[in-house]
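Structure data (mmCIF, C-alpha atoms and all ligand atoms) from my_file.cif:
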data_my_file
loop_
_atom_site.label_atom_id
_atom_site.label_comp_id
_atom_site.auth_asym_id
_atom_site.auth_seq_id
_atom_site.Cartn_x
_atom_site.Cartn_y
_atom_site.Cartn_z
CA MET R 425 -63.41 182.24 21.83
CA SER R 426 -66.31 183.30 24.09
CA ALA R 427 -67.68 180.68 26.46
CA ASP R 428 -71.23 181.56 25.35
CA TRP R 429 -71.18 179.52 22.19
CA ALA R 430 -74.29 177.54 21.28
CA ILE R 431 -72.94 175.76 18.22
CA ARG R 432 -69.36 174.79 17.52
CA LEU R 433 -68.06 172.97 14.48
CA GLN R 434 -64.43 171.95 14.17
CA GLN R 435 -63.34 170.41 10.91
CA ALA R 436 -66.79 168.82 10.82
CA GLY R 437 -67.74 166.70 7.84
CA VAL R 438 -70.29 164.20 6.64
CA THR R 439 -69.49 161.46 4.16
CA TYR R 440 -72.35 159.48 2.69
CA ARG R 441 -72.09 156.05 1.18
CA ARG R 442 -73.24 155.97 -2.40
CA TYR R 443 -74.28 152.67 -3.88
CA ALA R 444 -74.55 152.00 -7.59
CA HIS R 445 -77.54 149.79 -6.87
CA PRO R 446 -79.78 149.55 -3.76
CA ARG R 447 -78.97 145.86 -3.32
CA ASP R 448 -75.28 146.77 -2.89
CA ALA R 449 -76.01 148.08 0.60
CA LEU R 450 -77.38 144.70 1.60
CA LEU R 451 -74.55 142.83 -0.10
CA GLU R 452 -72.02 145.04 1.64
CA TRP R 453 -73.55 144.21 4.99
CA VAL R 454 -73.79 140.47 4.30
CA LEU R 455 -70.40 140.06 2.60
CA ARG R 456 -68.60 142.57 4.86
CA ARG R 457 -66.89 144.00 1.82
CA PRO R 458 -67.25 147.64 0.71
CA ARG R 459 -69.51 148.10 -2.31
CA HIS R 460 -69.98 151.87 -2.04
CA GLN R 461 -68.31 155.07 -3.14
CA PRO R 462 -67.76 157.63 -0.37
CA PHE R 463 -69.35 161.00 -1.08
CA HIS R 464 -68.17 163.99 0.95
CA ALA R 465 -71.33 166.04 1.40
CA LEU R 466 -69.68 168.33 3.99
CA GLN R 467 -66.00 168.87 4.59
CA GLY R 468 -63.86 170.82 7.04
CA LEU R 469 -66.60 173.05 8.45
CA GLU R 470 -65.33 175.55 11.04
CA LEU R 471 -68.00 177.59 12.75
CA VAL R 472 -68.81 179.07 16.14
CA LEU R 473 -72.25 180.54 16.76
CA GLN R 474 -72.85 182.45 19.97
CA ALA R 475 -75.96 181.79 22.04
CA GLY R 476 -78.79 184.07 20.86
CA ASP R 477 -77.27 184.52 17.43
CA SER R 478 -78.97 183.62 14.15
CA LEU R 479 -77.38 181.95 11.16
CA GLY R 480 -78.83 181.70 7.66
CA VAL R 481 -77.65 178.90 5.38
CA VAL R 482 -77.54 179.62 1.65
CA GLY R 483 -76.20 177.87 -1.40
CA ASP R 484 -77.23 176.08 -4.56
CA ASN R 485 -79.14 172.80 -4.65
CA GLY R 486 -77.16 169.84 -3.40
CA VAL R 487 -74.33 171.73 -1.71
CA GLY R 488 -75.02 170.25 1.72
CA LYS R 489 -77.42 172.66 3.43
CA SER R 490 -79.86 169.99 4.63
CA THR R 491 -76.98 167.75 5.61
CA LEU R 492 -75.60 170.57 7.77
CA LEU R 493 -78.97 171.13 9.41
CA LYS R 494 -79.40 167.40 10.06
CA MET R 495 -75.98 167.30 11.64
CA LEU R 496 -76.82 170.29 13.86
CA ALA R 497 -80.17 168.71 14.74
CA GLY R 498 -78.37 165.57 15.87
CA THR R 499 -80.11 163.27 13.42
CA LEU R 500 -76.95 162.75 11.36
CA PRO R 501 -73.67 162.41 13.27
CA PRO R 502 -70.55 163.92 11.68
CA THR R 503 -68.27 161.35 10.10
CA ALA R 504 -65.29 163.69 10.64
CA GLY R 505 -64.42 166.42 13.14
CA VAL R 506 -66.61 167.75 15.91
CA CYS R 507 -70.17 169.09 15.97
CA GLU R 508 -71.31 170.40 19.35
CA VAL R 509 -74.64 172.03 20.17
CA ARG R 510 -75.43 173.34 23.64
CA GLY R 511 -78.90 173.31 25.14
CA ARG R 512 -82.19 171.80 24.09
CA ARG R 513 -82.48 171.80 20.32
CA SER R 514 -85.59 171.57 18.24
CA ALA R 515 -85.58 171.08 14.53
CA LEU R 516 -87.99 171.41 11.66
CA LEU R 517 -86.29 169.40 8.95
CA GLU R 518 -87.58 167.67 5.85
CA LEU R 519 -91.32 167.53 5.75
CA GLY R 520 -92.82 164.77 7.84
CA THR R 521 -89.50 163.50 9.24
CA GLY R 522 -90.25 161.51 12.37
CA LEU R 523 -94.02 161.41 11.88
CA GLN R 524 -95.92 158.15 12.02
CA PRO R 525 -98.38 158.23 9.10
CA GLU R 526 -100.85 155.87 10.78
CA PHE R 527 -100.96 157.92 13.99
CA SER R 528 -103.31 160.84 14.46
CA GLY R 529 -102.07 164.41 14.77
CA VAL R 530 -102.52 164.34 18.54
CA GLU R 531 -100.55 161.09 18.85
CA ASN R 532 -97.79 162.44 16.63
CA ALA R 533 -97.68 165.66 18.64
CA ARG R 534 -97.27 163.67 21.87
CA MET R 535 -94.55 161.60 20.26
CA GLY R 536 -92.75 164.69 18.94
CA LEU R 537 -92.75 166.30 22.37
CA ALA R 538 -91.49 163.06 23.96
CA LEU R 539 -88.68 162.87 21.40
CA ARG R 540 -87.68 166.38 22.44
CA GLY R 541 -87.22 165.21 26.01
CA LEU R 542 -90.50 166.18 27.69
CA ASP R 543 -91.91 163.85 30.33
CA HIS R 544 -95.55 162.79 30.49
CA THR R 545 -96.68 165.75 32.64
CA ALA R 546 -94.87 168.28 30.48
CA ILE R 547 -96.30 166.71 27.32
CA GLU R 548 -99.90 166.99 28.56
CA CYS R 549 -99.17 170.56 29.65
CA LYS R 550 -97.74 171.60 26.25
CA LEU R 551 -100.15 169.63 24.06
CA PRO R 552 -102.99 172.21 24.07
CA GLU R 553 -100.48 174.89 23.07
CA VAL R 554 -99.26 172.75 20.15
CA LEU R 555 -102.80 172.09 18.94
CA ALA R 556 -103.82 175.74 19.32
CA PHE R 557 -100.77 176.90 17.37
CA ALA R 558 -101.28 174.35 14.58
CA GLU R 559 -104.97 175.35 14.15
CA LEU R 560 -105.90 172.05 12.51
CA GLY R 561 -109.36 171.71 14.05
CA GLU R 562 -110.89 168.25 13.95
CA PHE R 563 -108.18 166.99 11.57
CA VAL R 564 -105.85 166.49 14.54
CA HIS R 565 -107.75 163.28 15.29
CA GLN R 566 -107.25 161.91 11.76
CA PRO R 567 -104.17 159.87 10.72
CA VAL R 568 -101.54 162.21 9.32
CA LYS R 569 -101.30 160.08 6.16
CA THR R 570 -104.60 161.72 5.15
CA TRP R 571 -103.22 165.25 5.58
CA SER R 572 -101.92 167.72 3.04
CA SER R 573 -98.25 168.73 3.22
CA GLY R 574 -99.31 172.15 4.52
CA MET R 575 -101.16 170.53 7.42
CA VAL R 576 -98.14 168.36 8.23
CA VAL R 577 -95.85 171.37 8.41
CA ARG R 578 -98.28 173.11 10.73
CA LEU R 579 -98.09 170.28 13.25
CA VAL R 580 -94.35 169.77 12.93
CA PHE R 581 -93.60 173.47 13.35
CA ALA R 582 -95.99 173.75 16.30
CA VAL R 583 -94.21 170.91 18.09
CA ALA R 584 -90.77 172.32 17.25
CA ALA R 585 -91.65 175.83 18.39
CA VAL R 586 -93.68 175.42 21.58
CA ILE R 587 -90.99 173.72 23.61
CA GLU R 588 -88.96 176.96 23.73
CA PRO R 589 -85.74 175.44 22.47
CA ALA R 590 -82.30 176.88 23.15
CA VAL R 591 -81.42 176.13 19.54
CA LEU R 592 -84.05 176.15 16.80
CA ILE R 593 -83.12 174.65 13.44
CA VAL R 594 -85.48 175.26 10.53
CA ASP R 595 -85.00 173.83 7.05
CA GLU R 596 -86.83 174.86 3.89
CA ALA R 597 -89.96 172.97 5.01
CA LEU R 598 -91.79 176.17 6.00
CA SER R 599 -92.26 177.12 2.39
CA VAL R 600 -94.97 174.51 1.91
CA GLY R 601 -97.19 176.15 4.52
CA ASP R 602 -99.87 178.59 3.41
CA GLN R 603 -99.30 182.34 3.60
CA TYR R 604 -101.10 182.69 6.90
CA PHE R 605 -99.12 179.96 8.60
CA GLN R 606 -95.81 181.10 7.13
CA LYS R 607 -96.28 184.49 8.68
CA LYS R 608 -97.32 182.96 11.98
CA SER R 609 -94.24 180.70 11.94
CA LEU R 610 -91.85 183.52 11.08
CA ASP R 611 -93.33 185.65 13.85
CA ARG R 612 -92.87 182.75 16.24
CA MET R 613 -89.27 182.29 15.16
CA ARG R 614 -88.64 185.97 15.84
CA ALA R 615 -90.20 185.62 19.28
CA ILE R 616 -88.04 182.58 20.06
CA LEU R 617 -84.97 184.53 18.92
CA GLY R 618 -86.10 187.48 21.04
CA ASN R 619 -86.18 185.19 24.08
CA GLY R 620 -82.49 184.49 23.62
CA ALA R 621 -82.55 181.27 21.59
CA THR R 622 -80.15 180.53 18.75
CA LEU R 623 -81.55 180.08 15.25
CA VAL R 624 -80.21 178.24 12.23
CA PHE R 625 -82.43 178.86 9.23
CA CYS R 626 -82.05 177.47 5.73
CA SER R 627 -84.05 178.98 2.92
CA HIS R 628 -83.82 179.68 -0.78
CA ASN R 629 -85.74 182.84 0.04
CA LEU R 630 -82.81 185.18 0.49
CA TYR R 631 -84.99 188.06 1.59
CA GLN R 632 -86.11 186.02 4.60
CA ILE R 633 -82.52 185.07 5.38
CA ARG R 634 -81.50 188.74 5.35
CA GLU R 635 -84.39 189.75 7.56
CA MET R 636 -84.27 186.86 10.04
CA CYS R 637 -80.55 186.25 10.44
CA ARG R 638 -77.62 188.28 11.69
CA GLN R 639 -75.06 185.96 10.13
CA ALA R 640 -75.06 183.67 7.13
CA VAL R 641 -72.97 180.89 5.72
CA TRP R 642 -72.71 180.21 2.00
CA LEU R 643 -72.00 176.59 1.22
CA GLU R 644 -70.42 175.44 -2.01
CA GLN R 645 -69.77 171.78 -2.75
CA GLY R 646 -69.89 170.89 0.92
CA ARG R 647 -67.45 173.58 2.05
CA VAL R 648 -67.85 177.05 3.50
CA ARG R 649 -67.45 179.52 0.65
CA MET R 650 -68.23 182.51 2.86
CA LEU R 651 -69.25 183.19 6.46
CA GLY R 652 -70.12 186.59 7.84
CA ASP R 653 -72.93 189.07 8.36
CA ALA R 654 -76.05 188.02 6.50
CA GLN R 655 -76.27 191.07 4.25
CA THR R 656 -72.71 190.66 2.95
CA VAL R 657 -72.97 186.91 2.43
CA VAL R 658 -76.35 187.04 0.70
CA ASP R 659 -75.19 189.91 -1.55
CA ALA R 660 -72.09 187.93 -2.51
CA TYR R 661 -74.14 184.82 -3.20
CA GLN R 662 -76.62 186.77 -5.32
CA ASP R 663 -73.77 188.37 -7.27
CA ASN R 664 -72.33 184.93 -7.88
CA VAL R 665 -75.66 183.51 -9.07
CA ARG R 666 -76.28 186.48 -11.36
CA GLY R 667 -72.76 186.10 -12.72
CA ARG R 668 -73.67 182.57 -13.72
CA GLY R 669 -76.73 183.87 -15.51
CA ASN R 670 -79.31 182.31 -13.18
CA ASN R 671 -82.24 183.92 -11.50
CA VAL R 672 -82.07 183.97 -7.76
CA ASP R 673 -85.05 184.18 -5.49
CA GLU R 674 -84.72 187.48 -3.69
CA GLY R 675 -87.73 186.92 -1.55
CA ARG R 676 -90.79 186.86 -3.69
CA GLY R 677 -90.68 183.10 -4.02
CA GLN R 678 -93.42 182.64 -1.46
CA ALA R 679 -95.87 184.65 -3.46
CA ARG R 680 -94.80 183.23 -6.79
CA GLY R 681 -97.70 181.65 -8.61
CA LEU R 682 -100.35 183.32 -6.52
CA ALA R 683 -101.55 185.48 -9.33
CA PRO R 684 -100.94 185.79 -13.05
CA THR R 685 -98.56 188.46 -14.26
CA CYS R 686 -99.82 191.11 -16.63
CA SER R 687 -97.94 189.77 -19.58
CA SER R 688 -99.17 186.24 -19.06
CA VAL R 689 -102.80 187.25 -19.17
CA GLY R 690 -102.40 189.72 -22.01
CA ALA R 691 -103.70 192.58 -19.94
CA SER R 692 -103.08 196.25 -20.57
CA PRO R 693 -99.41 197.09 -20.18
CA ARG R 694 -100.32 199.71 -17.64
CA ALA R 695 -102.59 197.90 -15.18
CA CYS R 696 -102.37 194.59 -13.38
CA PRO R 697 -105.38 192.35 -12.77
CA SER R 698 -106.79 192.35 -9.30
CA SER R 699 -106.33 189.65 -6.68
CA PRO R 700 -107.79 189.28 -3.19
CA PHE R 701 -105.01 191.40 -1.62
CA LEU R 702 -103.26 193.47 -4.28
CA ARG R 703 -106.31 194.96 -5.92
CA SER R 704 -104.58 197.08 -8.55
CA VAL R 705 -101.24 198.41 -9.67
CA THR R 706 -101.68 201.15 -12.25
CA LEU R 707 -99.22 203.26 -14.19
CA ASN R 708 -100.48 206.62 -15.40
CA ARG R 709 -99.02 206.04 -18.90
CA ASP R 710 -97.00 203.51 -20.86
CA THR R 711 -94.12 205.72 -22.07
CA TYR R 712 -92.06 208.05 -19.92
CA GLN R 713 -89.33 210.58 -20.57
CA THR R 714 -85.98 210.58 -18.81
CA HIS R 715 -86.21 213.36 -16.19
CA GLY R 716 -89.98 213.43 -16.59
CA PRO R 717 -92.55 212.55 -13.89
CA PHE R 718 -93.40 208.92 -13.12
CA SER R 719 -96.07 207.51 -10.83
CA VAL R 720 -97.68 204.19 -9.91
CA SER R 721 -100.96 203.89 -8.02
CA ILE R 722 -101.43 200.87 -5.79
CA ARG R 723 -104.59 199.71 -4.09
CA VAL R 724 -104.78 196.84 -1.63
CA ALA R 725 -107.46 195.15 0.41
CA GLN R 726 -106.90 195.64 4.12
CA GLY R 727 -108.65 192.38 5.06
CA ASP R 728 -108.41 191.74 8.79
CA ARG R 729 -104.85 193.02 9.02
CA PRO R 730 -104.09 196.14 11.06
CA LEU R 731 -103.05 199.18 9.01
CA ALA R 732 -99.57 199.10 10.51
CA ASP R 733 -99.04 195.55 9.21
CA ILE R 734 -99.56 196.39 5.54
CA HIS R 735 -96.69 197.67 3.45
CA VAL R 736 -95.97 197.84 -0.22
CA GLY R 737 -92.61 197.19 -1.85
CA ILE R 738 -91.88 198.15 -5.43
CA VAL R 739 -89.06 197.19 -7.78
CA ILE R 740 -88.27 198.60 -11.19
CA ARG R 741 -86.67 195.97 -13.40
CA ARG R 742 -85.21 196.36 -16.89
CA ASN R 743 -86.13 193.85 -19.59
CA ASP R 744 -82.72 192.15 -19.25
CA ASP R 745 -83.81 191.35 -15.68
CA ILE R 746 -81.54 193.88 -13.98
CA GLN R 747 -83.11 195.21 -10.83
CA CYS R 748 -82.79 198.97 -11.12
CA TYR R 749 -84.27 200.03 -7.82
CA GLY R 750 -86.42 198.65 -5.03
CA ILE R 751 -87.95 200.34 -2.01
CA SER R 752 -90.93 199.90 0.29
CA THR R 753 -93.27 201.96 2.43
CA LEU R 754 -91.83 199.98 5.34
CA HIS R 755 -88.28 201.16 4.67
CA ASP R 756 -89.49 204.71 4.02
CA GLY R 757 -91.62 204.67 7.19
CA VAL R 758 -94.91 205.59 5.51
CA TYR R 759 -98.36 204.03 5.72
CA MET R 760 -101.04 203.48 3.11
CA GLN R 761 -104.18 205.57 3.39
CA PRO R 762 -107.66 204.03 3.84
CA LEU R 763 -110.08 204.88 1.02
CA GLY R 764 -113.10 203.23 2.61
CA ASP R 765 -114.63 199.81 1.92
CA GLY R 766 -111.51 198.18 3.37
CA VAL R 767 -109.30 199.45 0.54
CA LEU R 768 -105.95 201.15 1.14
CA ALA R 769 -104.10 203.20 -1.42
CA THR R 770 -100.80 204.84 -2.08
CA THR R 771 -99.06 206.39 -5.07
CA PHE R 772 -95.35 205.92 -5.67
CA VAL R 773 -94.04 209.09 -7.31
CA ILE R 774 -90.69 209.94 -8.91
CA ASP R 775 -90.63 213.59 -9.93
CA ARG R 776 -87.65 213.27 -12.27
CA LEU R 777 -87.27 209.72 -13.54
CA PRO R 778 -83.53 209.00 -13.82
CA LEU R 779 -83.89 205.93 -16.08
CA LEU R 780 -82.47 206.08 -19.60
CA SER R 781 -84.02 204.61 -22.75
CA GLY R 782 -85.23 201.05 -22.44
CA GLU R 783 -88.07 198.74 -21.58
CA TYR R 784 -88.87 198.22 -17.96
CA CYS R 785 -91.48 196.57 -15.76
CA LEU R 786 -92.53 196.58 -12.15
CA GLU R 787 -92.64 194.12 -9.31
CA VAL R 788 -94.92 194.93 -6.43
CA TRP R 789 -95.10 193.08 -3.13
CA LEU R 790 -97.48 193.36 -0.26
CA ILE R 791 -95.45 192.72 2.90
CA ASP R 792 -96.03 192.77 6.64
CA ALA R 793 -94.46 195.08 9.21
CA SER R 794 -91.61 192.66 9.90
CA GLY R 795 -90.64 192.91 6.24
CA VAL R 796 -90.31 189.13 6.15
CA HIS R 797 -93.72 187.90 5.17
CA VAL R 798 -95.11 188.46 1.68
CA TYR R 799 -98.91 188.54 1.52
CA ASP R 800 -99.12 188.93 -2.21
CA SER R 801 -97.02 189.99 -5.16
CA ARG R 802 -96.99 190.89 -8.84
CA GLU R 803 -93.95 190.08 -10.87
CA ARG R 804 -92.98 191.53 -14.20
CA CYS R 805 -96.13 193.56 -14.52
CA CYS R 806 -96.94 197.03 -15.83
CA HIS R 807 -94.43 197.06 -18.65
CA PHE R 808 -93.38 200.54 -19.74
CA ARG R 809 -90.87 202.28 -21.97
CA VAL R 810 -88.53 205.13 -21.19
CA GLN R 811 -87.29 207.47 -23.89
CA GLN R 812 -84.43 209.86 -23.43
CA ALA R 813 -83.96 213.10 -25.33
CA GLY R 814 -80.60 212.06 -26.77
CA GLN R 815 -77.02 211.17 -25.97
CA GLN R 816 -76.66 214.37 -23.98
CA GLN R 817 -78.43 212.53 -21.18
CA GLY R 818 -75.78 209.81 -21.29
CA VAL R 819 -75.71 206.12 -22.07
CA GLY R 820 -76.45 203.11 -19.89
CA MET R 821 -79.42 202.43 -17.65
CA VAL R 822 -79.66 205.39 -15.34
CA TRP R 823 -78.76 209.04 -15.28
CA LEU R 824 -76.44 209.72 -12.37
CA PRO R 825 -76.22 213.18 -10.81
CA HIS R 826 -72.80 214.49 -11.77
CA ARG R 827 -70.65 217.47 -12.64
CA TRP R 828 -67.32 218.04 -14.33
CA GLU R 829 -64.67 219.88 -12.40
CA SER R 830 -61.84 221.65 -14.18
CA PRO R 831 -59.94 224.89 -13.67
CA THR R 832 -61.67 227.93 -15.08
CA VAL R 833 -60.01 228.80 -18.31
CA THR R 834 -60.59 232.07 -20.08
CA LEU R 835 -59.83 231.57 -23.70
CA GLN R 836 -59.24 234.19 -26.31
CA ALA R 837 -60.29 233.55 -29.84
CA GLY R 838 -57.50 231.86 -31.77
CA GLU R 839 -55.63 230.54 -28.72
CA VAL R 840 -57.91 227.68 -27.80
CA ARG R 841 -55.61 224.70 -28.18
CA GLU R 842 -52.39 226.32 -26.99
CA HIS R 843 -54.01 227.63 -23.85
CA ALA R 844 -55.85 224.38 -23.03
CA LEU R 845 -52.68 222.29 -23.52
CA ALA R 846 -50.59 224.69 -21.42
CA GLU R 847 -53.03 224.17 -18.54
N1 LIG Z 901 -78.46 159.67 2.15
C1 LIG Z 901 -77.65 160.13 1.19
N2 LIG Z 901 -76.82 159.27 0.54
C2 LIG Z 901 -76.00 159.70 -0.42
N3 LIG Z 901 -75.91 160.99 -0.83
C3 LIG Z 901 -76.72 161.88 -0.21
C4 LIG Z 901 -77.62 161.50 0.82
N4 LIG Z 901 -78.29 162.60 1.22
C5 LIG Z 901 -77.82 163.63 0.48
N5 LIG Z 901 -76.87 163.19 -0.36
C6 LIG Z 901 -76.11 164.01 -1.32
O1 LIG Z 901 -75.40 164.97 -0.55
C7 LIG Z 901 -75.38 166.21 -1.24
C8 LIG Z 901 -75.94 167.29 -0.31
O2 LIG Z 901 -77.31 167.03 -0.13
P1 LIG Z 901 -78.22 168.05 0.70
O3 LIG Z 901 -79.59 167.49 0.71
O4 LIG Z 901 -77.58 168.31 2.01
O5 LIG Z 901 -78.13 169.35 -0.22
P2 LIG Z 901 -78.95 170.73 -0.10
O6 LIG Z 901 -77.96 171.83 -0.21
O7 LIG Z 901 -79.82 170.72 1.10
O8 LIG Z 901 -79.85 170.67 -1.42
P3 LIG Z 901 -81.28 171.34 -1.72
O9 LIG Z 901 -81.08 172.82 -1.77
O10 LIG Z 901 -81.60 170.79 -3.08
O11 LIG Z 901 -82.22 170.88 -0.66
C9 LIG Z 901 -76.17 166.04 -2.51
O12 LIG Z 901 -75.28 165.79 -3.57
C10 LIG Z 901 -77.00 164.79 -2.24
O13 LIG Z 901 -77.21 164.08 -3.44
#

For the file at hand, write its structure as structure tokens.
Amino acid sequence: MSADWAIRLQQAGVTYRRYAHPRDALLEWVLRRPRHQPFHALQGLELVLQAGDSLGVVGDNGVGKSTLLKMLAGTLPPTAGVCEVRGRRSALLELGTGLQPEFSGVENARMGLALRGLDHTAIECKLPEVLAFAELGEFVHQPVKTWSSGMVVRLVFAVAAVIEPAVLIVDEALSVGDQYFQKKSLDRMRAILGNGATLVFCSHNLYQIREMCRQAVWLEQGRVRMLGDAQTVVDAYQDNVRGRGNNVDEGRGQARGLAPTCSSVGASPRACPSSPFLRSVTLNRDTYQTHGPFSVSIRVAQGDRPLADIHVGIVIRRNDDIQCYGISTLHDGVYMQPLGDGVLATTFVIDRLPLLSGEYCLEVWLIDASGVHVYDSRERCCHFRVQQAGQQQGVGMVWLPHRWESPTVTLQAGEVREHALAE
């Protein structure tokens, strides 16, 4: 094992005490007799994370992800085994953890920095940076109990991020921030990683896990089901979820609910309603032929974002929810073209559509240059039908390029079967 480890778990576990009734905890303490059931939230975790590495944590609800992050953050000691973390750690856990609701934002920021080991001089030095990052304006002087959850996460992330931790631990909390702050936070996390810190990141947004993390761990009922490179682990987890017939958030969760889908507003099957960012997604027709041309026109508002920071991702999905294909301008290395008036446009073209008969729809995302942040999205929009000429094009979902190889046989009339069998 390399000496450069930042996190080391050896048979680590956490067992909670579960009480049938809240008063049982008090009675247990007073009577000195157990009145709880032990619940093993984490068991036998073995993990070594090298300094500078990044680990995503995935798994269903209630499998122990937050418990693991709390243990790594030091707020919940393991009840079994060993959990070691090297260097200054900073954690963004459940929303509002450690905040004093009656204190103002500034007072909470000071307290947060002190809890992370900064002395008075260092706190006063870092405080302006925290406040500038959080961008809360005059609200920082108000008690945090009057804040929205998005404002709370701004302050908590700012405190967690500005101290340049050796180990940064981020739980799902980021998802309550607005789009602007989510992007800012993800960019900051990348910068911290780039400076050599170690990251542990838990999210139900698997796209973000894939993009942010080199490794991932999949937890199941408090145990490690799989540990390895993020792509492999996330793919395996998604396969497992799909196998159970559930939908899994592949990364559009952030943008979910931002705008109505076509079907929900009863719009034309070929065009999606506009929104501030994704102005229009338009199909040139509503029925296509297998091997015929297919194109989608997309227009977006540039806003104040640089051209290089605006990319479009597109997914074709069949009506049984199978994702047929997804690609983006980012992955293809192309940029949208300005049309004037702050509008950018591109057309996604398939010259010979390989899809076979069926009903399909589109998903379109507007993403940034890191590929992590989603500015806007449309889900299950622009429904269309594909018709194939007949069985000669095959059965299934998609026509695959193919050929049949067999020895050349020259057959004479009347000797078809004998000759073919002799071969
Ligand atoms: N303080 C506690 N006392 C008893 N049981 C707890 C306590 N905290 C969590 N648990 C239980 O431990 C298990 C793991 O909880 P945890 O919050 O770590 O799951 P999670 O994977 O983060 O879930 P989610 O994705 O829903 O946030 C759950 O069954 C939960 O009910």

Within 6 Å of ligand LIG 901 (chain Z): each chain R residue with its shortest pair, only C-alpha atoms and all ligand atoms, as a Markdown table:
| residue | atom | partner | partner_atom | distance |
| --- | --- | --- | --- | --- |
| R:Tyr440 | CA | Z:LIG901 | C2 | 4.8 |
| R:Arg441 | CA | Z:LIG901 | C2 | 5.6 |
| R:Arg442 | CA | Z:LIG901 | C2 | 5.0 |
| R:Ala465 | CA | Z:LIG901 | O1 | 4.6 |
| R:Asp484 | CA | Z:LIG901 | O9 | 5.8 |
| R:Asn485 | CA | Z:LIG901 | O9 | 3.5 |
| R:Gly486 | CA | Z:LIG901 | O5 | 3.4 |
| R:Val487 | CA | Z:LIG901 | O6 | 3.9 |
| R:Gly488 | CA | Z:LIG901 | O4 | 3.2 |
| R:Lys489 | CA | Z:LIG901 | O6 | 3.8 |
| R:Ser490 | CA | Z:LIG901 | O7 | 3.6 |
| R:Thr491 | CA | Z:LIG901 | O4 | 3.7 |

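What separates atom CA of R:Pro462 from atom CA of R:Val648 is a distance of 19.8 Å.
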
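Neighbourhood of point (-83.0, 169.3, 21.0): residues with an atom at most 7 Å away, counting all atoms listed in the file, are R:Ala497, R:Arg512, R:Arg513, R:Ser514, R:Arg540, R:Pro589.
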
Excluding R:Ile431 and its own-chain neighbours fewer than 2 positions away, which residues fall within 9 Å of it when counting all atoms listed in the file? Please give them as a list in words.
Trp429, Leu433, Leu471, Val472, Leu473, Gln474, Ala475, Leu496, Cys507, Glu508, Val509, Arg510, Val591 and Thr622 of chain R

Could you please take those selected residues and save C-alpha atoms as a compact mmCIF listing (two decimals), in the frame of the given file?
# COMPACT_ATOMS: atom_id res chain seq x y z
CA TRP R 429 -71.18 179.52 22.19
CA LEU R 433 -68.06 172.97 14.48
CA LEU R 471 -68.00 177.59 12.75
CA VAL R 472 -68.81 179.07 16.14
CA LEU R 473 -72.25 180.54 16.76
CA GLN R 474 -72.85 182.45 19.97
CA ALA R 475 -75.96 181.79 22.04
CA LEU R 496 -76.82 170.29 13.86
CA CYS R 507 -70.17 169.09 15.97
CA GLU R 508 -71.31 170.40 19.35
CA VAL R 509 -74.64 172.03 20.17
CA ARG R 510 -75.43 173.34 23.64
CA VAL R 591 -81.42 176.13 19.54
CA THR R 622 -80.15 180.53 18.75

Would you pick out the contacts of stretch 528-538 of chain R at 9 Å or less, using only C-alpha atoms, so that residues sharing its chain but fewer than 5 positions from it are not included, and give the list as a ChimeraX atom specification?
/R:522-523,543-544,546-548,550-551,554-555,560,563-569,576,579-580,582-584,587
